[in-house]
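Working notes, structure below.
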Amino acid sequence: MAALKIENIYKKFGSVEVLKGISLDVASGEFLVLVGPSGCGKSTLLNLIAGLETVSAGSIMIGDRVVNDISPKDRDIAMVFQSYALYPNMNIRKNLSFGLETRKMPKAQIQEIVQKVSTLLQIQNLLDRKPSELSGGQRQRVAMGRALARNPKVFLFDEPLSNLDAKLRVEMRTEIKRLHQRINTTIVYVTHDQIEAMTMADRIAIMKDGIVQQFDTPENVYDNPSNRFVAGFIGSPSMNFMPAKVGIDAGQAFLIMDTGNGRSHKLTVPREISPLAPWNDREVIFGIRPEQITEDTKRSRETGKNNIINCEVQVVEPTGPDTLVFIQLNGVEVTCRVHPAAARRPGETMALQVDMSKAIFFHPETGERI
């Protein structure tokens, strides 16, 4: 395994600039996930690391050497593709051993590696089958096994689970994470699925329009997004965003919230997190996650840490362990996450506590964090 350093990378296709100064430091043994919407440049960046595309400007280091001008086969990387890319006319044993044979490794060593890798991935009973005889999940394990057999410095995964059904995707996420814990090698993993990113990564690079918006741990990306795009992209259901006018009274900031039918509430912002002093009598974008708007409880009233609002329930969506309740605040639909037993029916009024210690504020024009 080896560290990976991406320094000020630019990539143009003709006059179109796809990557615009990407810089990332990936520690040896780290699991990095590149995530973002289609067209953000994440697959292009992966192809540059692999050597399948050439860099327009900047440098890529694997270990202690710059690999910009080194061919893909000499970079000591292994890639797992969305389409599996297995040899259909070879059995699984041959698929695993073929790359080792081309490198002139001794036959006994090849057999040992194939046995070790197939046991690790629990595909040892599939070695004599052809890829066409396997399920999607089994083919993906074989594709990972072929990469593992190479024992590369860096593994590259290009949306490897996107062809699998929902249940199998969850199972394979766990398998890949467990595999990383066992082999402790450097992984760069591309996905458009933010849940994959959150559950698998040591660190996440969130991309948009060829720029890294935030590069941080899953916890920090979720709790402390750098801008409105990151806040809205990470999390399911998405963070709520609503325009809100700021008021300040005796140094205490609050937001004025219209709950419908001519009613309004003041949501007090804790002094220790409030950056709103310059925004008195101005509008900001108020962001808060669904789980931070939940049913009113006796404990919340006793602690005094939460603001209570009374809102009419518009839609209810049971999800099993909890229920999503939809309300209107300041003319915007807002998602709340409540205990199933506490949910009210559409048309009924429900008391909800808002944990303002978790509130985040964004500039209404730029979307940057205030």
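Here's how to read the names in the structure tokens: chain A, B, ... by the order shown, residue numbers from 1 in each chain, ligand numbers from 1 in the order shown.
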
Test item: residues at most 8 Å from Asn184 in chain A, only C-alpha atoms, excluding those fewer than 5 positions along its chain, as an MDAnalysis selection string: chainID A and resid 1 29:30

For the residues selected in the previous step, produce a file with C-alpha atoms as a compact mmCIF listing (two decimals), in the first residue's frame.
```
# COMPACT_ATOMS: atom_id res chain seq x y z
CA MET A 1 0.00 0.00 0.00
CA GLY A 29 -4.23 2.61 4.01
CA GLU A 30 -6.97 5.25 3.84
```

Residues near Ile360 in chain A, cut-off 8 Å, only C-alpha atoms, skip fewer than 2 positions along chain, as an mmCIF file with C-alpha atoms, in the first residue's frame:
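Saved the output as part.cif:
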```cif
data_model
loop_
_atom_site.group_PDB
_atom_site.id
_atom_site.type_symbol
_atom_site.label_atom_id
_atom_site.label_comp_id
_atom_site.auth_asym_id
_atom_site.auth_seq_id
_atom_site.Cartn_x
_atom_site.Cartn_y
_atom_site.Cartn_z
ATOM 1 C CA PHE A 286 -31.745 28.350 7.816
ATOM 2 C CA GLY A 287 -30.624 24.713 7.499
ATOM 3 C CA ILE A 288 -31.576 21.909 9.857
ATOM 4 C CA LYS A 358 -27.608 21.956 15.414
ATOM 5 C CA PHE A 362 -26.087 29.931 4.778
ATOM 6 C CA ARG A 369 -21.766 28.833 5.304
ATOM 7 C CA ILE A 370 -22.252 31.880 7.539
#
```

What does the distance from CA of Ile6 in chain A to CA of Gly235 in chain A come to in Å, to one decimal?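 These atoms are spaced 26.9 Å apart.
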
Report, in Å with one decimal, the straight-line distance from CA of Asn151 in chain A to CA of Thr186 in chain A. 11.0 Å

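Between CA of Arg93 in chain A and CA of Ile183 in chain A there is a distance of 21.0 Å.
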
Rows by chain and residue number, range 117-223 of chain A within 9 Å of range 79-83 of chain A, shortest pair, only C-alpha atoms, as a Markdown table:
```
| residue | atom | partner | partner_atom | distance |
| --- | --- | --- | --- | --- |
| A:Gln140 | CA | A:Val80 | CA | 8.4 |
| A:Ala143 | CA | A:Val80 | CA | 6.1 |
| A:Met144 | CA | A:Val80 | CA | 6.2 |
| A:Arg146 | CA | A:Val80 | CA | 8.6 |
| A:Ala147 | CA | A:Met79 | CA | 6.5 |
| A:Val154 | CA | A:Met79 | CA | 8.7 |
| A:Phe155 | CA | A:Met79 | CA | 5.9 |
| A:Leu156 | CA | A:Met79 | CA | 4.6 |
| A:Phe157 | CA | A:Val80 | CA | 4.8 |
| A:Asp158 | CA | A:Phe81 | CA | 5.1 |
| A:Glu159 | CA | A:Gln82 | CA | 5.2 |
| A:Pro160 | CA | A:Gln82 | CA | 4.2 |
| A:Leu161 | CA | A:Gln82 | CA | 6.7 |
| A:Ser162 | CA | A:Gln82 | CA | 6.7 |
| A:Asn163 | CA | A:Gln82 | CA | 7.0 |
```

Emit the selected residues as an mmCIF file, in the first residue's frame, including N, CA and C atoms.
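So the final result, stored in out-v4.cif, reads:
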```cif
data_model
loop_
_atom_site.group_PDB
_atom_site.id
_atom_site.type_symbol
_atom_site.label_atom_id
_atom_site.label_comp_id
_atom_site.auth_asym_id
_atom_site.auth_seq_id
_atom_site.Cartn_x
_atom_site.Cartn_y
_atom_site.Cartn_z
ATOM 1 N N GLN A 140 -19.049 -9.448 -8.909
ATOM 2 C CA GLN A 140 -18.323 -8.329 -8.331
ATOM 3 C C GLN A 140 -17.254 -8.812 -7.366
ATOM 4 N N ALA A 143 -14.369 -9.810 -9.496
ATOM 5 C CA ALA A 143 -13.659 -8.617 -9.978
ATOM 6 C C ALA A 143 -12.754 -8.059 -8.884
ATOM 7 N N MET A 144 -13.243 -8.042 -7.640
ATOM 8 C CA MET A 144 -12.417 -7.586 -6.520
ATOM 9 C C MET A 144 -11.270 -8.561 -6.270
ATOM 10 N N ARG A 146 -9.735 -10.426 -8.463
ATOM 11 C CA ARG A 146 -8.703 -10.241 -9.484
ATOM 12 C C ARG A 146 -7.807 -9.045 -9.142
ATOM 13 N N ALA A 147 -8.431 -7.979 -8.618
ATOM 14 C CA ALA A 147 -7.641 -6.820 -8.192
ATOM 15 C C ALA A 147 -6.770 -7.164 -6.991
ATOM 16 N N VAL A 154 -2.450 0.738 -4.666
ATOM 17 C CA VAL A 154 -3.696 1.489 -4.586
ATOM 18 C C VAL A 154 -4.791 0.736 -5.339
ATOM 19 N N PHE A 155 -5.973 0.623 -4.712
ATOM 20 C CA PHE A 155 -7.150 0.081 -5.378
ATOM 21 C C PHE A 155 -8.032 1.230 -5.837
ATOM 22 N N LEU A 156 -8.548 1.118 -7.060
ATOM 23 C CA LEU A 156 -9.477 2.098 -7.604
ATOM 24 C C LEU A 156 -10.803 1.406 -7.907
ATOM 25 N N PHE A 157 -11.898 1.925 -7.356
ATOM 26 C CA PHE A 157 -13.229 1.365 -7.578
ATOM 27 C C PHE A 157 -14.078 2.395 -8.315
ATOM 28 N N ASP A 158 -14.598 2.021 -9.483
ATOM 29 C CA ASP A 158 -15.418 2.936 -10.275
ATOM 30 C C ASP A 158 -16.883 2.501 -10.225
ATOM 31 N N GLU A 159 -17.655 3.062 -9.298
ATOM 32 C CA GLU A 159 -19.068 2.753 -9.089
ATOM 33 C C GLU A 159 -19.340 1.254 -9.173
ATOM 34 N N PRO A 160 -18.665 0.439 -8.355
ATOM 35 C CA PRO A 160 -18.747 -1.019 -8.535
ATOM 36 C C PRO A 160 -20.088 -1.636 -8.158
ATOM 37 N N LEU A 161 -20.933 -0.914 -7.424
ATOM 38 C CA LEU A 161 -22.172 -1.511 -6.940
ATOM 39 C C LEU A 161 -23.412 -1.009 -7.669
ATOM 40 N N SER A 162 -23.235 -0.146 -8.663
ATOM 41 C CA SER A 162 -24.396 0.509 -9.273
ATOM 42 C C SER A 162 -25.261 -0.452 -10.086
ATOM 43 N N ASN A 163 -24.724 -1.606 -10.484
ATOM 44 C CA ASN A 163 -25.516 -2.570 -11.250
ATOM 45 C C ASN A 163 -26.259 -3.572 -10.366
#
```

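For Leu324 in chain A, the list of residues within 9 Å, based on only C-alpha atoms and with local chain neighbours fewer than 3 positions off taken out, reads Pro290, Val315, Val316, Glu317, Pro318, Thr319, Thr335, Cys336, Arg337, Val338, His339, Pro340 and Ala343 of chain A.
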
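Shortest atom-to-atom contact with Leu46 in chain A among A:Leu127, A:Ile62, A:Val188, A:Leu168: A:Val188, counting only C-alpha atoms.
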
Write down as number ranges by chain the residues of range 6-129 of chain A whose backbone DSSP state falls under helix (DSSP H, G or I). A: 42-50, 72-74, 92-102, 107-120, 124-126

Those residues you just picked out, can you put them in a file as a compact mmCIF listing (two decimals), in the first residue's frame with C-alpha atoms?
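New file selection38.txt:
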```txt
# COMPACT_ATOMS: atom_id res chain seq x y z
CA LYS A 42 -15.14 12.20 -10.14
CA SER A 43 -14.71 9.43 -12.75
CA THR A 44 -12.35 11.62 -14.75
CA LEU A 45 -10.19 12.07 -11.64
CA LEU A 46 -10.17 8.30 -11.07
CA ASN A 47 -9.10 7.74 -14.70
CA LEU A 48 -6.26 10.23 -14.25
CA ILE A 49 -5.03 8.33 -11.18
CA ALA A 50 -5.24 5.09 -13.17
CA PRO A 72 -1.14 2.32 -16.26
CA LYS A 73 0.49 -1.12 -16.06
CA ASP A 74 3.52 0.34 -14.28
CA ILE A 92 -13.12 -17.90 -12.34
CA ARG A 93 -9.81 -19.53 -11.45
CA LYS A 94 -8.34 -18.37 -14.76
CA ASN A 95 -9.83 -14.88 -14.34
CA LEU A 96 -8.04 -14.59 -11.00
CA SER A 97 -4.73 -16.00 -12.21
CA PHE A 98 -4.48 -14.49 -15.70
CA GLY A 99 -2.84 -11.21 -14.64
CA LEU A 100 -0.34 -13.09 -12.49
CA GLU A 101 0.55 -15.43 -15.33
CA THR A 102 1.27 -12.52 -17.67
CA LYS A 107 2.80 -21.49 -10.87
CA ALA A 108 2.90 -22.57 -7.21
CA GLN A 109 2.80 -18.94 -6.05
CA ILE A 110 -0.13 -18.20 -8.38
CA GLN A 111 -2.08 -21.15 -6.98
CA GLU A 112 -1.37 -19.96 -3.44
CA ILE A 113 -2.57 -16.42 -4.21
CA VAL A 114 -5.73 -17.64 -5.98
CA GLN A 115 -6.57 -19.88 -3.03
CA LYS A 116 -5.94 -17.10 -0.51
CA VAL A 117 -7.98 -14.50 -2.40
CA SER A 118 -10.89 -16.83 -3.16
CA THR A 119 -11.06 -17.86 0.50
CA LEU A 120 -10.95 -14.23 1.65
CA GLN A 124 -13.60 -20.75 -3.46
CA ASN A 125 -16.56 -22.91 -4.54
CA LEU A 126 -16.99 -20.87 -7.74
```

Just want the 12 Å neighbourhood of Pro278 in chain A, counted on only C-alpha atoms, with same-chain residues fewer than 6 positions away dropped. Output as a list in words. Val246, Gly247, Ile248, Gly251, Ala253, Val284, His363 and Ile370 of chain A

Excluding Asp193 in chain A and any residue of its chain fewer than 6 positions from it, enumerate the residues within 12 Å of it, using only C-alpha atoms, and give them as a PyMOL selection string. chain A and resi 33-38+159-162+166+169-170+173+199-200+204+206+233-236

Taking 6 positions as the minimum chain separation for residues in the same chain, which residues sit within 12 Å of Glu368 in chain A when counting only C-alpha atoms? Answer as a list in words. Gln213, Gln214, Asn224, Pro225, Ser226, Asn227, Arg228, Phe229, Val230, Ala231, Val284, Ile285, Phe286, Gly287, Ile360, Phe361 and Phe362 of chain A

Which of these residues is nearest to Arg182 in chain A, using only C-alpha atoms: A:Arg203, A:Leu148, A:Asn330, A:Ala85?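 Nearest to Arg182 in chain A: A:Leu148.
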
What's the 10 Å shell around Asn261 in chain A, counting only C-alpha atoms, without same-chain residues fewer than 3 positions away, as a list in words? Asp258, Ser264, Cys311 and Glu312 of chain A

Store the residues picked out above, limited to C-alpha atoms, as a PDB file, in the first residue's frame.
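Below is the file that was written, selection_5.pdb:
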```pdb
ATOM      1  CA  ASP A 258     -44.265  31.526   9.959  1.00  0.00           C
ATOM      2  CA  SER A 264     -45.444  32.703  13.942  1.00  0.00           C
ATOM      3  CA  CYS A 311     -47.502  23.093  13.157  1.00  0.00           C
ATOM      4  CA  GLU A 312     -50.196  21.487  11.051  1.00  0.00           C
TER       5      GLU A 312
END
```

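Here the question is which of A:Ile187, A:Met172, A:Glu295, A:Asn220 gets nearest to Gly136 in chain A using only C-alpha atoms, and that residue is A:Met172.
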